[in-house]
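Visitor: Here you go, this is structure.txt (compact mmCIF, C-alpha atoms and all ligand atoms).
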```
# COMPACT_ATOMS: atom_id res chain seq x y z
CA MET A 1 40.86 -33.34 -15.78
CA ALA A 2 39.80 -32.18 -19.27
CA GLU A 3 41.53 -29.15 -20.80
CA ILE A 4 38.89 -26.83 -22.22
CA SER A 5 38.88 -23.41 -23.84
CA GLU A 6 38.24 -20.23 -21.87
CA PRO A 7 34.80 -19.52 -23.45
CA LEU A 8 33.66 -23.05 -22.57
CA GLU A 9 34.99 -22.57 -19.05
CA ASN A 10 32.84 -19.45 -18.79
CA TYR A 11 29.71 -21.39 -19.78
CA LEU A 12 30.45 -24.05 -17.17
CA LYS A 13 30.88 -21.43 -14.49
CA GLU A 14 27.66 -19.68 -15.44
CA ILE A 15 25.73 -22.98 -15.41
CA TYR A 16 27.14 -23.66 -11.94
CA GLU A 17 25.94 -20.26 -10.71
CA LEU A 18 22.49 -20.73 -12.24
CA GLU A 19 22.27 -24.16 -10.58
CA GLU A 20 23.16 -22.45 -7.29
CA LEU A 21 20.26 -20.03 -7.74
CA LYS A 22 17.55 -22.13 -9.39
CA GLY A 23 18.69 -25.74 -9.56
CA HIS A 24 19.39 -25.72 -13.31
CA ALA A 25 20.24 -23.49 -16.28
CA ARG A 26 18.29 -22.88 -19.48
CA VAL A 27 19.45 -21.90 -22.94
CA SER A 28 17.45 -18.66 -22.61
CA ASP A 29 19.43 -17.71 -19.45
CA LEU A 30 22.73 -18.24 -21.23
CA ILE A 31 21.64 -16.22 -24.29
CA LEU A 32 20.71 -13.33 -22.00
CA ILE A 33 23.90 -13.49 -19.93
CA PHE A 34 26.41 -13.89 -22.75
CA GLY A 35 24.54 -11.87 -25.38
CA VAL A 36 25.24 -14.42 -28.11
CA SER A 37 22.97 -16.20 -30.59
CA PRO A 38 21.04 -19.40 -29.75
CA GLY A 39 23.19 -21.20 -32.35
CA THR A 40 26.40 -20.28 -30.52
CA ILE A 41 24.99 -21.53 -27.22
CA SER A 42 23.76 -24.82 -28.75
CA SER A 43 27.09 -25.61 -30.31
CA ALA A 44 28.92 -24.82 -27.06
CA LEU A 45 26.50 -27.02 -25.12
CA ALA A 46 26.93 -29.82 -27.67
CA LYS A 47 30.70 -29.65 -27.12
CA LEU A 48 30.31 -29.69 -23.34
CA GLU A 49 27.92 -32.64 -23.64
CA ARG A 50 30.38 -34.59 -25.76
CA MET A 51 33.04 -33.95 -23.12
CA ASN A 52 30.61 -35.30 -20.54
CA LEU A 53 30.58 -32.03 -18.59
CA VAL A 54 26.88 -31.15 -18.89
CA THR A 55 23.56 -32.95 -19.40
CA ARG A 56 20.40 -31.66 -21.04
CA LYS A 57 17.00 -32.99 -20.16
CA ASP A 58 13.57 -31.39 -20.62
CA ARG A 59 15.33 -28.16 -21.65
CA LYS A 60 17.11 -28.07 -18.30
CA ILE A 61 20.89 -27.92 -18.33
CA ASN A 62 22.88 -29.41 -15.45
CA LEU A 63 26.52 -30.15 -14.75
CA THR A 64 27.82 -33.69 -14.55
CA GLU A 65 30.06 -34.70 -11.65
CA GLU A 66 33.14 -33.84 -13.69
CA GLY A 67 31.60 -30.61 -14.99
CA ARG A 68 30.89 -29.54 -11.43
CA LYS A 69 34.46 -30.25 -10.34
CA LEU A 70 35.85 -28.13 -13.14
CA ALA A 71 33.35 -25.31 -12.51
CA GLU A 72 34.11 -25.34 -8.78
CA LYS A 73 37.79 -24.98 -9.47
CA LEU A 74 37.14 -21.90 -11.62
CA ILE A 75 34.63 -20.40 -9.21
CA ARG A 76 37.01 -20.88 -6.31
CA ALA A 77 39.75 -19.16 -8.32
CA HIS A 78 37.37 -16.33 -9.24
CA ARG A 79 36.15 -15.74 -5.71
CA LEU A 80 39.61 -15.95 -4.13
CA SER A 81 40.96 -13.57 -6.80
CA GLU A 82 38.24 -11.10 -5.83
CA ARG A 83 39.22 -11.39 -2.17
CA LEU A 84 42.84 -10.73 -3.07
CA LEU A 85 41.88 -7.67 -5.12
CA THR A 86 39.53 -6.12 -2.56
CA ASP A 87 41.08 -7.15 0.77
CA ILE A 88 44.79 -7.01 -0.01
CA ILE A 89 45.15 -4.76 -3.05
CA GLY A 90 42.31 -2.51 -1.96
CA ILE A 91 40.36 -1.90 -5.17
CA ASP A 92 36.56 -1.61 -5.35
CA TRP A 93 34.43 -4.70 -5.88
CA VAL A 94 33.23 -3.63 -9.35
CA ARG A 95 36.75 -3.74 -10.81
CA ALA A 96 37.71 -6.70 -8.65
CA HIS A 97 34.96 -8.79 -10.26
CA GLU A 98 36.03 -7.68 -13.74
CA ILE A 99 39.71 -8.49 -13.20
CA ALA A 100 38.88 -11.79 -11.46
CA HIS A 101 37.23 -12.93 -14.72
CA ARG A 102 40.70 -12.95 -16.25
CA LEU A 103 42.66 -14.12 -13.20
CA GLU A 104 40.42 -17.15 -12.58
CA HIS A 105 41.91 -18.91 -15.62
CA VAL A 106 45.58 -18.48 -14.75
CA TRP A 107 46.30 -19.71 -11.19
CA PRO A 108 48.11 -23.06 -10.96
CA ASP A 109 46.54 -25.26 -8.24
CA ASP A 110 49.41 -24.95 -5.75
CA VAL A 111 49.55 -21.15 -6.09
CA LEU A 112 45.80 -20.86 -5.59
CA GLU A 113 46.08 -23.04 -2.50
CA ARG A 114 48.76 -20.70 -1.14
CA LEU A 115 46.58 -17.67 -1.90
CA ASP A 116 43.68 -19.26 -0.05
CA GLU A 117 45.92 -19.80 2.97
CA ILE A 118 47.24 -16.21 2.92
CA LEU A 119 43.68 -14.89 2.74
CA GLY A 120 42.78 -16.94 5.83
CA ARG A 121 40.48 -19.36 3.95
CA PRO A 122 37.56 -16.97 3.48
CA ARG A 123 34.03 -18.38 3.38
CA THR A 124 32.73 -16.14 0.61
CA CYS A 125 33.77 -13.68 -2.08
CA PRO A 126 33.37 -9.96 -1.24
CA HIS A 127 29.87 -10.04 -2.79
CA GLY A 128 28.79 -12.88 -0.49
CA HIS A 129 28.99 -15.86 -2.86
CA PRO A 130 30.36 -18.96 -1.09
CA ILE A 131 33.79 -20.37 -1.85
CA PRO A 132 32.73 -23.88 -3.01
CA GLY A 133 32.47 -26.29 -0.10
CA ARG A 134 32.64 -23.65 2.63
CA VAL A 135 29.03 -22.65 3.15
CA GLU A 136 26.34 -25.30 3.58
CA LYS A 137 23.46 -23.33 2.16
CA VAL A 138 22.92 -19.65 1.54
CA GLU A 139 19.67 -18.68 3.24
CA GLY A 140 17.68 -15.56 2.65
CA PHE A 141 15.17 -13.74 0.51
CA LYS A 142 15.26 -10.85 -1.89
CA LEU A 143 15.24 -7.32 -0.49
CA SER A 144 12.37 -6.64 -2.92
CA GLU A 145 10.25 -9.09 -0.89
CA ALA A 146 11.11 -7.66 2.54
CA ARG A 147 8.44 -5.90 4.61
CA PRO A 148 9.38 -2.79 6.61
CA GLY A 149 11.92 -3.76 9.28
CA LYS A 150 15.61 -4.50 9.83
CA TYR A 151 17.58 -7.00 7.76
CA ARG A 152 21.13 -8.03 7.12
CA VAL A 153 22.64 -8.21 3.62
CA VAL A 154 23.76 -11.75 2.74
CA MET A 155 24.79 -11.50 -0.91
CA ILE A 156 24.57 -9.54 -4.14
CA ILE A 157 22.89 -12.08 -6.38
CA ARG A 158 24.03 -11.23 -9.90
CA GLU A 159 27.50 -9.77 -10.17
CA GLU A 160 26.65 -7.42 -13.03
CA GLU A 161 28.46 -4.14 -13.30
CA TRP A 162 25.44 -1.86 -12.76
CA VAL A 163 24.27 -3.97 -9.80
CA LEU A 164 27.66 -3.94 -8.10
CA ARG A 165 28.18 -0.24 -8.77
CA ARG A 166 24.79 0.74 -7.37
CA ALA A 167 25.11 -1.58 -4.35
CA LEU A 168 28.53 -0.04 -3.68
CA GLU A 169 27.04 3.49 -3.80
CA LEU A 170 24.36 2.53 -1.29
CA GLY A 171 26.80 0.65 0.97
CA LEU A 172 24.92 -2.63 0.59
CA PHE A 173 27.73 -5.01 1.57
CA PRO A 174 27.30 -8.53 2.97
CA GLY A 175 26.94 -8.26 6.75
CA LYS A 176 25.59 -4.69 6.58
CA GLU A 177 22.32 -3.86 8.33
CA VAL A 178 19.61 -2.34 6.18
CA ARG A 179 16.26 -0.98 7.31
CA VAL A 180 13.34 -1.14 4.93
CA ILE A 181 11.27 1.97 5.60
CA ASP A 182 8.71 1.41 2.90
CA LYS A 183 8.61 -0.12 -0.55
CA GLY A 184 11.39 1.57 -2.51
CA LYS A 185 12.90 3.29 0.52
CA ILE A 186 15.74 2.00 2.70
CA GLU A 187 18.12 3.25 5.35
CA VAL A 188 21.79 2.23 5.43
CA ASP A 189 24.32 3.76 7.87
CA GLY A 190 21.77 6.35 8.95
CA LYS A 191 21.17 7.56 5.38
CA VAL A 192 17.87 7.17 3.56
CA HIS A 193 17.95 6.08 -0.07
CA GLU A 194 15.46 5.45 -2.82
CA LEU A 195 15.80 1.80 -3.81
CA GLU A 196 14.89 0.83 -7.36
CA ASN A 197 13.15 -2.51 -7.64
CA ALA A 198 15.65 -3.87 -10.19
CA LEU A 199 18.38 -3.54 -7.56
CA ALA A 200 16.20 -4.80 -4.69
CA GLU A 201 15.71 -7.98 -6.77
CA GLN A 202 19.47 -8.55 -6.72
CA VAL A 203 20.11 -8.19 -2.98
CA LEU A 204 19.66 -11.26 -0.79
CA VAL A 205 18.93 -10.50 2.88
CA ASN A 206 18.18 -12.30 6.12
CA GLY A 207 16.46 -11.27 9.34
CA THR A 208 18.74 -9.80 12.04
CA GLU A 209 19.19 -11.98 15.12
ZN ZN B 1 32.77 -12.00 -9.47
ZN ZN B 2 32.09 -12.05 -6.06
```
Give the structure from this file in structure tokens form.

Guide:
Amino acid sequence: MAEISEPLENYLKEIYELEELKGHARVSDLILIFGVSPGTISSALAKLERMNLVTRKDRKINLTEEGRKLAEKLIRAHRLSERLLTDIIGIDWVRAHEIAHRLEHVWPDDVLERLDEILGRPRTCPHGHPIPGRVEKVEGFKLSEARPGKYRVVMIIREEEWVLRRALELGLFPGKEVRVIDKGKIEVDGKVHELENALAEQVLVNGTE
């Protein structure tokens, strides 16, 4: 498998996550996420294209077979690192995500495999994102679209610091039941909270059975 630099690895991973959410990535998404210039993104994409890791068509960016394999390896390492940090080491999921960004690049395959085994082969990261290959399809809708009623949290969509911090404050963890009282008002664990729309847009929920 191709050896590529850490910044290029980060682009691959981000494209994978955008594909997961919307089927493809766009240059504008990457500019927003990485906060770099369009020129920087184009030259990175050109490199990834030359390495046969991504394709660009009609302004849509997708991973090739090999690009996907590489991205999955990194994502698996990221999500298992987060599990290690939250479940075993016991730190909050904001820091876990931050530290996992560094750890994801360092695990040798056999050590990662051992980690996976020790963790009991989890299906998702603490934020609800699937370990590649373990969840068929993530089903749900945004909390911002939910009518009054009871729902269950499936995933925190974008693992951005402010999103994770706020979701942590409100106790919005995957598996947790949340009751929508009205637009902008929810109840979690018997406590009523104001829910800002920007956060509601980042929480994926499902109906309760
Ligand atoms: Zn993360
Ligand atoms: Zn995560």

Visitor: Nearest to A:Ser43 among A:Arg147, A:Pro7, A:Ala77, A:His129, with distances taken over all atoms listed in the file: which residue is it?

Guide: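 Result for the nearest residue to A:Ser43: A:Pro7.
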
Visitor: Rounded to one decimal place, report the atom CA of A:Pro174-atom CA of A:Leu74 distance in Å.

Guide: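 Atom CA of A:Leu74 lies 22.1 Å from atom CA of A:Pro174.
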
Visitor: From the set A:Val54, A:Leu143, A:Leu18, A:Leu8, which residue has the shortest atom-to-atom contact distance to A:Thr40, counting only C-alpha atoms?

Guide: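 Closest residue, counting only C-alpha atoms: A:Leu8.
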
Visitor: With only C-alpha atoms as the counted atoms, please give the residues lying no more than 9 Å from A:Glu72, apart from itself and same-chain residues fewer than 3 positions off, as JSON, numbers by chain.

Guide: {"A": [13, 16, 67, 68, 69, 75, 76, 77, 131, 132, 133]}

Visitor: Got a sec to check which residues sit within 12 Å of (15.6, 3.6, 4.7), counting all atoms listed in the file, and write them as a PyMOL selection string?

Guide: chain A and resi 147-151+170+172+177-195

Visitor: Set the distance at 10 Å and use all atoms listed in the file: which residues neighbour A:Asn62 once local chain neighbours fewer than 2 positions away are removed? I'd like the list as a list in words.

Guide: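 Counting all atoms listed in the file, the residues come to Leu12, Ile15, Tyr16, Leu18, Glu19, Gly23, His24, Ala25, Arg26, Leu53, Val54, Thr55, Arg56, Lys57, Arg59, Lys60, Thr64, Glu65, Gly67 and Arg68 of chain A.
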
Visitor: Got a sec: who's within 12 Å of A:Arg121, counting all atoms listed in the file, leaving out chain neighbours fewer than 5 positions off, as a VMD selection string?

Guide: chain A and resid 76 79 to 80 83 to 84 112 to 116 130 to 135

Visitor: Quick check, in Å to one decimal: how far apart do atom CA of A:Glu6 and atom CA of A:Ile91 lie?

Guide: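 According to the coordinates, atom CA of A:Glu6 and atom CA of A:Ile91 are separated by 24.9 Å.
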
Visitor: What residues have any atom no more than 9 Å from ligand ZN 2 (chain B) when counting only C-alpha atoms and all ligand atoms, and can you list them as a list of chain:residue names?

Guide: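 Answer in the requested format: A:His78, A:Arg79, A:Leu80, A:Glu82, A:Arg83, A:Trp93, A:Ala96, A:His97, A:Ala100, A:Thr124, A:Cys125, A:Pro126, A:His127, A:Gly128, A:His129, A:Pro130, A:Met155, A:Ile156, A:Arg158, A:Glu159.
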
Visitor: Figure out the distance between atom CA of A:Ile33 and atom CA of A:Ala71, please, to one decimal in Å.

Guide: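 Interatomic distance, atom CA of A:Ala71 to atom CA of A:Ile33: 16.9 Å.
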
Visitor: Using all atoms listed in the file, can you tell me which of A:His105, A:Gly175, A:Val27, A:Pro122 comes closest to A:Ser5?

Guide: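 Going through A:His105, A:Gly175, A:Val27, A:Pro122 one by one, the smallest distance to A:Ser5 is for A:His105.
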
Visitor: Could you write stretch 5-28 of chain A as a compact mmCIF listing (two decimals), keeping the file's coordinate frame, with N, CA and C atoms rebuilt where they are missing?

Guide:
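The new file result_35.txt reads:
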```txt
# COMPACT_ATOMS: atom_id res chain seq x y z
N SER A 5 38.59 -24.80 -23.49
CA SER A 5 38.88 -23.41 -23.84
C SER A 5 38.22 -22.45 -22.84
N GLU A 6 38.74 -21.22 -22.82
CA GLU A 6 38.24 -20.23 -21.87
C GLU A 6 36.74 -19.93 -22.06
N PRO A 7 36.26 -19.76 -23.31
CA PRO A 7 34.80 -19.52 -23.45
C PRO A 7 33.97 -20.68 -22.89
N LEU A 8 34.42 -21.91 -23.10
CA LEU A 8 33.66 -23.05 -22.57
C LEU A 8 33.73 -23.06 -21.04
N GLU A 9 34.87 -22.68 -20.51
CA GLU A 9 34.99 -22.57 -19.05
C GLU A 9 33.97 -21.58 -18.51
N ASN A 10 33.79 -20.47 -19.25
CA ASN A 10 32.84 -19.45 -18.79
C ASN A 10 31.40 -19.97 -18.79
N TYR A 11 31.05 -20.80 -19.78
CA TYR A 11 29.71 -21.39 -19.78
C TYR A 11 29.52 -22.31 -18.58
N LEU A 12 30.54 -23.12 -18.31
CA LEU A 12 30.45 -24.05 -17.17
C LEU A 12 30.21 -23.29 -15.87
N LYS A 13 30.96 -22.21 -15.71
CA LYS A 13 30.88 -21.43 -14.49
C LYS A 13 29.49 -20.81 -14.35
N GLU A 14 28.99 -20.31 -15.47
CA GLU A 14 27.66 -19.68 -15.44
C GLU A 14 26.58 -20.72 -15.12
N ILE A 15 26.71 -21.91 -15.69
CA ILE A 15 25.73 -22.98 -15.41
C ILE A 15 25.78 -23.34 -13.92
N TYR A 16 26.99 -23.37 -13.38
CA TYR A 16 27.14 -23.66 -11.94
C TYR A 16 26.39 -22.61 -11.11
N GLU A 17 26.57 -21.34 -11.49
CA GLU A 17 25.94 -20.26 -10.71
C GLU A 17 24.43 -20.28 -10.86
N LEU A 18 23.95 -20.63 -12.04
CA LEU A 18 22.49 -20.73 -12.24
C LEU A 18 21.93 -21.91 -11.44
N GLU A 19 22.69 -23.01 -11.41
CA GLU A 19 22.27 -24.16 -10.58
C GLU A 19 22.17 -23.74 -9.11
N GLU A 20 23.15 -22.95 -8.67
CA GLU A 20 23.16 -22.45 -7.29
C GLU A 20 21.87 -21.69 -6.99
N LEU A 21 21.43 -20.89 -7.96
CA LEU A 21 20.26 -20.03 -7.74
C LEU A 21 18.94 -20.75 -7.96
N LYS A 22 18.86 -21.58 -9.03
CA LYS A 22 17.55 -22.13 -9.39
C LYS A 22 17.53 -23.64 -9.62
N GLY A 23 18.67 -24.29 -9.39
CA GLY A 23 18.69 -25.74 -9.56
C GLY A 23 19.08 -26.22 -10.95
N HIS A 24 18.99 -25.35 -11.95
CA HIS A 24 19.39 -25.72 -13.31
C HIS A 24 19.57 -24.46 -14.15
N ALA A 25 20.12 -24.62 -15.35
CA ALA A 25 20.24 -23.49 -16.28
C ALA A 25 19.36 -23.76 -17.48
N ARG A 26 19.01 -22.72 -18.22
CA ARG A 26 18.29 -22.88 -19.48
C ARG A 26 19.02 -22.12 -20.57
N VAL A 27 18.80 -22.56 -21.81
CA VAL A 27 19.45 -21.90 -22.94
C VAL A 27 19.12 -20.40 -22.93
N SER A 28 17.86 -20.07 -22.61
CA SER A 28 17.45 -18.66 -22.61
C SER A 28 18.26 -17.83 -21.60
```
